[in-house]
Amino acid sequence: MKHLLQTSDLTINDISQILSDAQYFLDGGDWLPKKNIFVANLFFENSTRTKCSFEVAQRRLGLNIIPFEVSTSSVSKGETLYDTVKTLEAIGVNAVVIRHNQDRYFDELAGKSDVSIINAGDGCGHHPTQSLLDLLTIKQEFGSFRGLKVAIIGDIRHSRVARSNADTLVRLGANVVFSGPAEWFNEELLENGSYEAIDSAVETADVVMLLRIQHERHGDKGTKAADDYHQAFGLTIEREKRMKPGSIIMHPAPVNRNVEIADSLVECERSRIFKQMKNGVYIRMAVLKRTIEQMEGSGQNEHINQKWTVAN
Amino acid sequence: MKHLLQTSDLTINDISQILSDAQYFLDGGDWLPKKNIFVANLFFENSTRTKCSFEVAQRRLGLNIIPFEVSTSSVSKGETLYDTVKTLEAIGVNAVVIRHNQDRYFDELAGKSDVSIINAGDGCGHHPTQSLLDLLTIKQEFGSFRGLKVAIIGDIRHSRVARSNADTLVRLGANVVFSGPAEWFNEELLENGSYEAIDSAVETADVVMLLRIQHERHGDKGTKAADDYHQAFGLTIEREKRMKPGSIIMHPAPVNRNVEIADSLVECERSRIFKQMKNGVYIRMAVLKRTIEQMEGSGQNEHINQKWTVAN
Amino acid sequence: MKHLLQTSDLTINDISQILSDAQYFLDGGDWLPKKNIFVANLFFENSTRTKCSFEVAQRRLGLNIIPFEVSTSSVSKGETLYDTVKTLEAIGVNAVVIRHNQDRYFDELAGKSDVSIINAGDGCGHHPTQSLLDLLTIKQEFGSFRGLKVAIIGDIRHSRVARSNADTLVRLGANVVFSGPAEWFNEELLENGSYEAIDSAVETADVVMLLRIQHERHGDKGTKAADDYHQAFGLTIEREKRMKPGSIIMHPAPVNRNVEIADSLVECERSRIFKQMKNGVYIRMAVLKRTIEQMEGSGQNEHINQKWTVAN
């Protein structure tokens with residue numbers, strides 16, 4: 001498939017191949033597309049990590065990047081996402097990376113355009129490249145996923161990271177537990193893991209994966225005062241001391257320091273938070289390579305579905 | 001001339017050369033400038049198609065593009081367009097592509113700067129590259145312009161597309177008629193074509209060229225409710241059925257679906273709307289080539305009009 | 001030192017080397033880094049000249065530029081400058097150019113990150129590349145700094161340009177005087193130059209360096225009506241006539257025409273205002289070269305301070 005929309009579209013083999021390609025790039029390996037590839041990054045929500053990470057990955061692969069700022073595009077004249085993507089297709093863009101606040105925004109695009117779509121986050125839905133970079137980070141640490149215990153802690157209901165990770169980790173043989181405020185727990189997630197109290201989760205997990213409190217997705221309702229949250233559900237200095245030997249801390253960032261995690265733990269010995277970001281570049285190179293190879297195989301964008309009469 | 005400000009500056013020969021170069025690029029032809037060329041795209045009005053299209057064209061020609069965001073430039077400290085362009089000239093920019101909401105903004109620039117100016121739309125004035133891509137689309141379809149009937153329909157008074165197209169089409173031998181709300185008709189345009197009722201215009205034209213209702217250029221006054229407009233002056237499903245065999249539909253986009261044109265017609269057999277966008281990239285490559293060739297011939301930007309004493 | 005934070009960190013030898021490298025680039029000299037270098041330009045304040053100038057310089061040196069827009073980054077989710085820079089480091093950015101409205105923003109960054117920081121202006125603090133380009137402009141004109149009289153006139157208290165220039169000019173042997181509204185004079189600057197009345201300063205200086213009135217840094221308080229200011233402290237047409245033979249006019253721009261300087265003098269024979277901008281590109285190339293050379297020597301960014309276990 002030329003798109004990457006959600007991790008559930010990827011087989012275990014697909015995931016293995018992507019992790020392997022990412023490690024290849026990380027170890028200094030090279031790969032370039034056979035022809036000029038044009039991409040655009042459409043970020044309808046703010047981002048530093050994901051957007052810059054894709055930009056670095058695209059440059060390392062020698063792609064042509066067409067700048068697209070939502071606020072100065074025709075989107076502000078009321079143009080829809082569908083018409084925007086069809087426009088980019090018409091002017092020769094081969095792939096678009098999209099972050100959008102609407103869940104499953106891609107349902108209105110896939111199958112109606114020749115452009116490859118790489119999902120960089122849809123509302124409270126999915127975030128496949130984040131999940132893949134988390135997997136790479138865990139694999140580098142433990143070699144395998146089978147039997148690992150991963151505790152995903154925090155704002156689970158609003159988290160596309162939680163959703164994508166629970167799906168892949170369970171398929172790869174890990175045990176997933178969720179923790180955090182009960183009212184932020186999503187029943188739908190139960191098929192991929194049970195709920196566990198914060199202290200026992202932190203003490204028994206191989207991977208303590210904290211989630212960002214997404215102030216922008218829920219109003220005041222349900223938001224605990226930051227300090228209350230930190231004491232009740234955050235990784236405090238005290239809780240970190242009771243973590244298993246060899247266990248690691250992960251967080252998709254941006255971190256709310258002293259809310260999800262104590263300030264001094266962000267860069268502590270157990271933390272893999274910045275390593276996750278570093279891995280993100282190589283995962284995105286691998287994902288882009290996969291997309292481009294499928295494009296090159298299928299002759300994408302060689303024609304436009306309109307009659308083509310060249311008169312002279 | 002090193003600038004491209006309005007179509008009336010172009011002779012029939014100039015237009016032929018640009019269309020021919022565009023077709024050459026479209027057919028896979030290559031051309032690169034002899035030296036490093038720096039360009040900046042100054043869009044003081046929102047745009048997806050035109051801006052991205054120039055960005056693709058510039059990358060295909062190997063130009064260096066200096067990003068310029070109006071909102072984060074010194075324009076927000078009150079700097080004028082003149083001082084902005086002179087600044088870009090001083091730091092080595094060779095050509096600027098400008099879209100601005102002021103009619104004939106270029107009058108204050110041309111002749112006072114060595115930078116080549118390519119007009120990407122001035123207020124309700126001109127939009128030469130849009131006109132050229134429309135001409136290429138028509139030429140590809142019909143081979144020639146002589147005797148063709150082109151109906152330009154809609155918000156004519158506010159349309160720089162109508163103005164630029166009427167000028168060129170008439171010079172190339174086509175017959176132009178205008179249609180749409182009488183209060184949006186501009187007397188000045190009469191020299192290039194007469195007014196015709198919507199139904200007979202649609203039924204007899206070879207090219208039905210619809211214009212976007214520019215909500216941003218007129219307030220509520222004069223704006224009909226969208227559905228009323230569609231029934232009275234839009235290309236409805238019924239009207240399309242009565243179009244001439246072989247006739248085509250064009251629109252500069254972004255389209256207001258079900259206002260200027262029925263939703264299902266945007267990508268119908270007769271529509272060349274996305275083909276216009278595709279042609280836009282090649283037209284802009286041709287226009288940039290022309291500008292750069294004139295630059296290379298004239299030794300532009302080799303000096304700055306200030307005393308130059310290199311001491312050491 | 002791999003950073004460039006303030007001119008006081010540069011020895012006279014450092015300054016000479018940078019000016020010499022800039023002149024080398026200006027004369028057509030080439031230099032490219034040994035490996036792929038990634039940079040990001042973080043402008044938390046508006047800019048045309050400085051930002052575009054760095055962008056041109058970076059492209060001329062073949063660097064990879066990762067676009068960063070403050071307004072669409074995670075800074076708007078509350079991420080700190082420290083976490084933003086650490087993020088860019090993690091994804092492979094080697095150097096960041098920063099403009100920020102906080103004085104000495106770099107104190108919280110330097111020594112805590114492997115990324116090289118080039119200061120493009122901190123609050124009312126420093127602006128080292130502006131100072132260096134001013135020095136280059138003066139050197140091209142007079143060959144040497146010893147004994148030159150430089151009058152810095154205007155909004156001295158809020159000016160990072162005044163601060164940086166007074167420091168370097170005095171060290172290089174020039175005499176500096178300040179002029180402008182007494183209430184905008186900063187006692188701290190007295191160590192680098194005395195206060196002089198506007199008319200005698202203009203008449204006796206070799207370099208009349210005007211500063212922009214920074215409307216954005218002080219409210220109405222202290223701002224004189226534009227015309228009053230122009231008559232009292234601006235370079236009027238009358239004052240220019242009484243300038244010394246061979247003396248020159250400088251201004252960091254953007255210029256408030258008819259406030260700091262009469263409109264017609266901006267591009268007059270004595271003005272080096274646009275030449276300053278031109279020199280800015282070459283100074284920034286020299287500063288980037290210096291940073292990259294130190295990076296290449298020190299093996300910067302080869303590792304990240306977290307345990308690195310590659311499992312497979």
# chains A, B, ... in the order shown; residues from 1 in each chain; ligands from 1
>>> interface_residues(of="chain C", to="chain B", cutoff="8 Å", atoms="only C-alpha atoms", output="PDB file with N, CA and C atoms, in the first residue's frame")
ATOM      1  N   GLU C  45      11.249  36.999  16.755  1.00  0.00           N
ATOM      2  CA  GLU C  45      10.851  38.370  16.439  1.00  0.00           C
ATOM      3  C   GLU C  45      10.884  38.507  14.925  1.00  0.00           C
ATOM      4  N   ASN C  46      10.084  39.436  14.419  1.00  0.00           N
ATOM      5  CA  ASN C  46       9.996  39.606  12.977  1.00  0.00           C
ATOM      6  C   ASN C  46      11.316  40.102  12.390  1.00  0.00           C
ATOM      7  N   SER C  47      11.552  39.733  11.159  1.00  0.00           N
ATOM      8  CA  SER C  47      12.791  40.112  10.494  1.00  0.00           C
ATOM      9  C   SER C  47      12.656  39.871   9.001  1.00  0.00           C
ATOM     10  N   THR C  48      13.202  40.757   8.180  1.00  0.00           N
ATOM     11  CA  THR C  48      13.365  40.453   6.762  1.00  0.00           C
ATOM     12  C   THR C  48      14.847  40.318   6.472  1.00  0.00           C
ATOM     13  N   ARG C  49      15.589  41.374   6.753  1.00  0.00           N
ATOM     14  CA  ARG C  49      17.001  41.466   6.416  1.00  0.00           C
ATOM     15  C   ARG C  49      17.824  40.332   7.009  1.00  0.00           C
ATOM     16  N   CYS C  52      16.496  36.663   5.941  1.00  0.00           N
ATOM     17  CA  CYS C  52      16.751  36.354   4.531  1.00  0.00           C
ATOM     18  C   CYS C  52      18.247  36.324   4.254  1.00  0.00           C
ATOM     19  N   SER C  53      18.989  37.185   4.920  1.00  0.00           N
ATOM     20  CA  SER C  53      20.430  37.232   4.721  1.00  0.00           C
ATOM     21  C   SER C  53      21.087  35.923   5.178  1.00  0.00           C
ATOM     22  N   GLU C  55      19.534  33.100   5.284  1.00  0.00           N
ATOM     23  CA  GLU C  55      19.050  32.071   4.353  1.00  0.00           C
ATOM     24  C   GLU C  55      19.887  32.055   3.071  1.00  0.00           C
ATOM     25  N   VAL C  56      20.228  33.241   2.552  1.00  0.00           N
ATOM     26  CA  VAL C  56      21.066  33.296   1.354  1.00  0.00           C
ATOM     27  C   VAL C  56      22.454  32.740   1.671  1.00  0.00           C
ATOM     28  N   ARG C  59      22.442  28.948   1.942  1.00  0.00           N
ATOM     29  CA  ARG C  59      22.349  28.285   0.641  1.00  0.00           C
ATOM     30  C   ARG C  59      23.659  28.377  -0.131  1.00  0.00           C
ATOM     31  N   LYS C 139      35.341  49.328   7.144  1.00  0.00           N
ATOM     32  CA  LYS C 139      36.701  48.969   6.699  1.00  0.00           C
ATOM     33  C   LYS C 139      36.859  49.128   5.186  1.00  0.00           C
ATOM     34  N   GLN C 140      35.809  48.737   4.435  1.00  0.00           N
ATOM     35  CA  GLN C 140      35.869  48.891   2.980  1.00  0.00           C
ATOM     36  C   GLN C 140      36.042  50.359   2.605  1.00  0.00           C
ATOM     37  N   GLU C 141      35.491  51.229   3.430  1.00  0.00           N
ATOM     38  CA  GLU C 141      35.478  52.654   3.120  1.00  0.00           C
ATOM     39  C   GLU C 141      36.774  53.340   3.536  1.00  0.00           C
ATOM     40  N   PHE C 142      37.244  53.018   4.752  1.00  0.00           N
ATOM     41  CA  PHE C 142      38.347  53.794   5.336  1.00  0.00           C
ATOM     42  C   PHE C 142      39.628  52.975   5.518  1.00  0.00           C
ATOM     43  N   GLY C 143      39.551  51.668   5.262  1.00  0.00           N
ATOM     44  CA  GLY C 143      40.758  50.843   5.355  1.00  0.00           C
ATOM     45  C   GLY C 143      41.124  50.455   6.771  1.00  0.00           C
ATOM     46  N   GLU C 216       8.207  49.063  18.612  1.00  0.00           N
ATOM     47  CA  GLU C 216       7.717  47.865  19.275  1.00  0.00           C
ATOM     48  C   GLU C 216       8.339  47.651  20.654  1.00  0.00           C
ATOM     49  N   PRO C 254      15.158  48.068   9.307  1.00  0.00           N
ATOM     50  CA  PRO C 254      14.379  48.903   8.395  1.00  0.00           C
ATOM     51  C   PRO C 254      14.366  50.363   8.840  1.00  0.00           C
ATOM     52  N   VAL C 255      14.413  51.235   7.851  1.00  0.00           N
ATOM     53  CA  VAL C 255      14.429  52.679   8.074  1.00  0.00           C
ATOM     54  C   VAL C 255      13.005  53.191   8.262  1.00  0.00           C
ATOM     55  N   ASN C 256      12.794  54.049   9.238  1.00  0.00           N
ATOM     56  CA  ASN C 256      11.573  54.849   9.260  1.00  0.00           C
ATOM     57  C   ASN C 256      11.880  56.120   8.474  1.00  0.00           C
ATOM     58  N   GLU C 269      24.291  59.638  -2.216  1.00  0.00           N
ATOM     59  CA  GLU C 269      25.704  59.333  -2.459  1.00  0.00           C
ATOM     60  C   GLU C 269      26.449  58.853  -1.206  1.00  0.00           C
ATOM     61  N   SER C 271      25.142  57.459   1.428  1.00  0.00           N
ATOM     62  CA  SER C 271      24.495  56.342   2.138  1.00  0.00           C
ATOM     63  C   SER C 271      25.160  55.012   1.817  1.00  0.00           C
ATOM     64  N   ARG C 272      25.410  54.225   2.848  1.00  0.00           N
ATOM     65  CA  ARG C 272      25.906  52.855   2.657  1.00  0.00           C
ATOM     66  C   ARG C 272      24.861  51.864   3.175  1.00  0.00           C
ATOM     67  N   PHE C 274      22.233  50.212   1.829  1.00  0.00           N
ATOM     68  CA  PHE C 274      22.020  48.958   1.095  1.00  0.00           C
ATOM     69  C   PHE C 274      23.314  48.157   0.959  1.00  0.00           C
ATOM     70  N   LYS C 275      24.442  48.867   0.984  1.00  0.00           N
ATOM     71  CA  LYS C 275      25.722  48.163   0.971  1.00  0.00           C
ATOM     72  C   LYS C 275      25.900  47.365   2.270  1.00  0.00           C
ATOM     73  N   MET C 277      23.550  45.916   3.884  1.00  0.00           N
ATOM     74  CA  MET C 277      22.737  44.693   3.725  1.00  0.00           C
ATOM     75  C   MET C 277      23.484  43.669   2.878  1.00  0.00           C
ATOM     76  N   LYS C 278      24.081  44.166   1.785  1.00  0.00           N
ATOM     77  CA  LYS C 278      24.841  43.273   0.903  1.00  0.00           C
ATOM     78  C   LYS C 278      25.983  42.620   1.667  1.00  0.00           C
ATOM     79  N   ASN C 279      26.704  43.431   2.437  1.00  0.00           N
ATOM     80  CA  ASN C 279      27.811  42.888   3.229  1.00  0.00           C
ATOM     81  C   ASN C 279      27.325  41.847   4.239  1.00  0.00           C
ATOM     82  N   GLY C 280      26.100  42.018   4.703  1.00  0.00           N
ATOM     83  CA  GLY C 280      25.571  41.108   5.714  1.00  0.00           C
ATOM     84  C   GLY C 280      25.590  39.654   5.277  1.00  0.00           C
ATOM     85  N   VAL C 281      25.315  39.400   4.012  1.00  0.00           N
ATOM     86  CA  VAL C 281      25.331  38.019   3.515  1.00  0.00           C
ATOM     87  C   VAL C 281      26.725  37.421   3.669  1.00  0.00           C
TER      88      VAL C 281
END
>>> select_by_dssp(residues="stretch 112-288 of chain A", states="helix (DSSP H, G or I)", output="ChimeraX atom specification")
/A:128-142,160-171,182-184,187-192,198-204,226-233,237-241,263-265,273-288
>>> residues_around(residues="B:Leu61", least_positions_apart="3", cutoff="12 Å", atoms="only C-alpha atoms", output="compact mmCIF listing (two decimals) with N, CA, C and O atoms, in the first residue's frame")
# COMPACT_ATOMS: atom_id res chain seq x y z
N ASN A 64 12.41 16.80 -3.00
CA ASN A 64 12.05 18.20 -3.17
C ASN A 64 10.84 18.51 -2.29
O ASN A 64 9.79 17.89 -2.44
N PHE B 25 8.70 21.88 -21.74
CA PHE B 25 8.92 21.39 -20.36
C PHE B 25 7.94 20.25 -20.04
O PHE B 25 8.30 19.25 -19.42
N GLY B 29 11.24 18.21 -21.44
CA GLY B 29 12.45 18.96 -21.78
C GLY B 29 13.12 19.59 -20.56
O GLY B 29 12.47 19.85 -19.55
N ASP B 30 14.42 19.79 -20.68
CA ASP B 30 15.21 20.35 -19.58
C ASP B 30 15.78 21.71 -19.95
O ASP B 30 16.07 21.98 -21.11
N TRP B 31 16.00 22.52 -18.96
CA TRP B 31 16.72 23.78 -19.12
C TRP B 31 17.17 24.23 -17.75
O TRP B 31 16.39 24.15 -16.79
N LEU B 32 18.42 24.64 -17.64
CA LEU B 32 18.92 25.12 -16.36
C LEU B 32 19.63 26.45 -16.57
O LEU B 32 20.24 26.68 -17.61
N PRO B 33 19.54 27.34 -15.59
CA PRO B 33 20.25 28.63 -15.72
C PRO B 33 21.76 28.40 -15.68
O PRO B 33 22.25 27.40 -15.16
N LYS B 34 22.49 29.38 -16.22
CA LYS B 34 23.95 29.23 -16.29
C LYS B 34 24.60 29.43 -14.93
O LYS B 34 25.67 28.92 -14.67
N LYS B 35 23.98 30.26 -14.08
CA LYS B 35 24.59 30.48 -12.76
C LYS B 35 23.51 30.35 -11.68
O LYS B 35 22.33 30.22 -11.98
N ASN B 36 23.95 30.36 -10.45
CA ASN B 36 23.05 30.32 -9.29
C ASN B 36 22.05 31.48 -9.32
O ASN B 36 22.45 32.64 -9.35
N ILE B 37 20.77 31.17 -9.32
CA ILE B 37 19.75 32.22 -9.32
C ILE B 37 18.98 32.14 -8.00
O ILE B 37 18.54 31.06 -7.60
N PHE B 38 18.82 33.27 -7.35
CA PHE B 38 18.04 33.34 -6.10
C PHE B 38 16.71 34.03 -6.36
O PHE B 38 16.66 35.09 -6.97
N VAL B 39 15.63 33.40 -5.90
CA VAL B 39 14.30 34.00 -6.03
C VAL B 39 13.61 34.02 -4.67
O VAL B 39 13.96 33.26 -3.77
N PHE B 54 4.54 27.89 -8.43
CA PHE B 54 5.83 28.57 -8.63
C PHE B 54 6.94 27.82 -7.89
O PHE B 54 8.06 27.69 -8.39
N GLU B 55 6.63 27.33 -6.69
CA GLU B 55 7.67 26.62 -5.91
C GLU B 55 8.13 25.35 -6.65
O GLU B 55 9.32 25.03 -6.67
N VAL B 56 7.18 24.62 -7.24
CA VAL B 56 7.56 23.42 -7.99
C VAL B 56 8.38 23.82 -9.22
O VAL B 56 9.44 23.25 -9.49
N ALA B 57 7.90 24.84 -9.93
CA ALA B 57 8.60 25.28 -11.15
C ALA B 57 10.02 25.72 -10.81
O ALA B 57 10.98 25.37 -11.53
N GLN B 58 10.19 26.46 -9.73
CA GLN B 58 11.52 26.96 -9.35
C GLN B 58 12.46 25.81 -9.00
O GLN B 58 13.63 25.82 -9.37
N ASN B 64 17.50 28.73 -6.33
CA ASN B 64 17.55 28.84 -4.87
C ASN B 64 16.41 29.72 -4.40
O ASN B 64 16.30 30.87 -4.82
N ILE B 65 15.58 29.18 -3.53
CA ILE B 65 14.39 29.91 -3.10
C ILE B 65 14.58 30.40 -1.67
O ILE B 65 14.83 29.60 -0.76
N VAL B 281 2.34 24.77 -13.76
CA VAL B 281 3.75 24.56 -13.41
C VAL B 281 4.64 24.81 -14.62
O VAL B 281 5.67 25.49 -14.53
N TYR B 282 4.23 24.29 -15.78
CA TYR B 282 5.07 24.40 -16.97
C TYR B 282 5.09 25.82 -17.51
O TYR B 282 6.12 26.30 -18.01
N ARG B 284 4.87 28.44 -15.62
CA ARG B 284 5.75 29.21 -14.72
C ARG B 284 7.22 28.88 -14.97
O ARG B 284 8.09 29.75 -14.86
N MET B 285 7.51 27.64 -15.33
CA MET B 285 8.88 27.32 -15.72
C MET B 285 9.29 28.15 -16.95
O MET B 285 10.39 28.71 -17.00
N ALA B 286 8.37 28.26 -17.92
CA ALA B 286 8.67 29.01 -19.14
C ALA B 286 8.85 30.49 -18.85
O ALA B 286 9.76 31.15 -19.39
N VAL B 287 8.02 31.02 -17.97
CA VAL B 287 8.12 32.44 -17.62
C VAL B 287 9.41 32.72 -16.86
O VAL B 287 10.10 33.73 -17.11
N LEU B 288 9.78 31.82 -15.96
CA LEU B 288 11.03 32.00 -15.21
C LEU B 288 12.23 31.88 -16.14
O LEU B 288 13.19 32.66 -16.03
N LYS B 289 12.18 30.93 -17.07
CA LYS B 289 13.27 30.78 -18.06
C LYS B 289 13.47 32.08 -18.83
O LYS B 289 14.59 32.56 -19.00
N ARG B 290 12.36 32.64 -19.30
CA ARG B 290 12.43 33.89 -20.07
C ARG B 290 13.06 35.01 -19.25
O ARG B 290 13.93 35.75 -19.72
N ILE B 292 15.05 34.72 -16.65
CA ILE B 292 16.46 34.44 -16.34
C ILE B 292 17.34 34.66 -17.56
O ILE B 292 18.44 35.19 -17.48
>>> atom_distance(atom1="atom CA of C:Ala110", atom2="atom CA of C:Lys51")
21.5 Å
>>> select_by_dssp(residues="stretch 133-252 of chain A", states="strand (DSSP E or B)", output="number ranges by chain")
A: 149-153, 175-179, 194-195, 207-210, 235, 248-250
>>> atom_distance(atom1="atom CA of B:Phe44", atom2="atom CA of B:Leu4")
17.7 Å
>>> atom_distance(atom1="atom CA of B:Ile15", atom2="atom CA of B:Glu187")
26.4 Å
>>> closest_residue(among="A:Thr168, A:Arg146, A:Ser116, A:Ala22", to="A:Gln6", atoms="only C-alpha atoms")
A:Thr168
>>> closest_residue(among="C:Gly154, C:Arg171, C:Tyr195, C:Thr137", to="C:Ile261", atoms="only C-alpha atoms")
C:Gly154
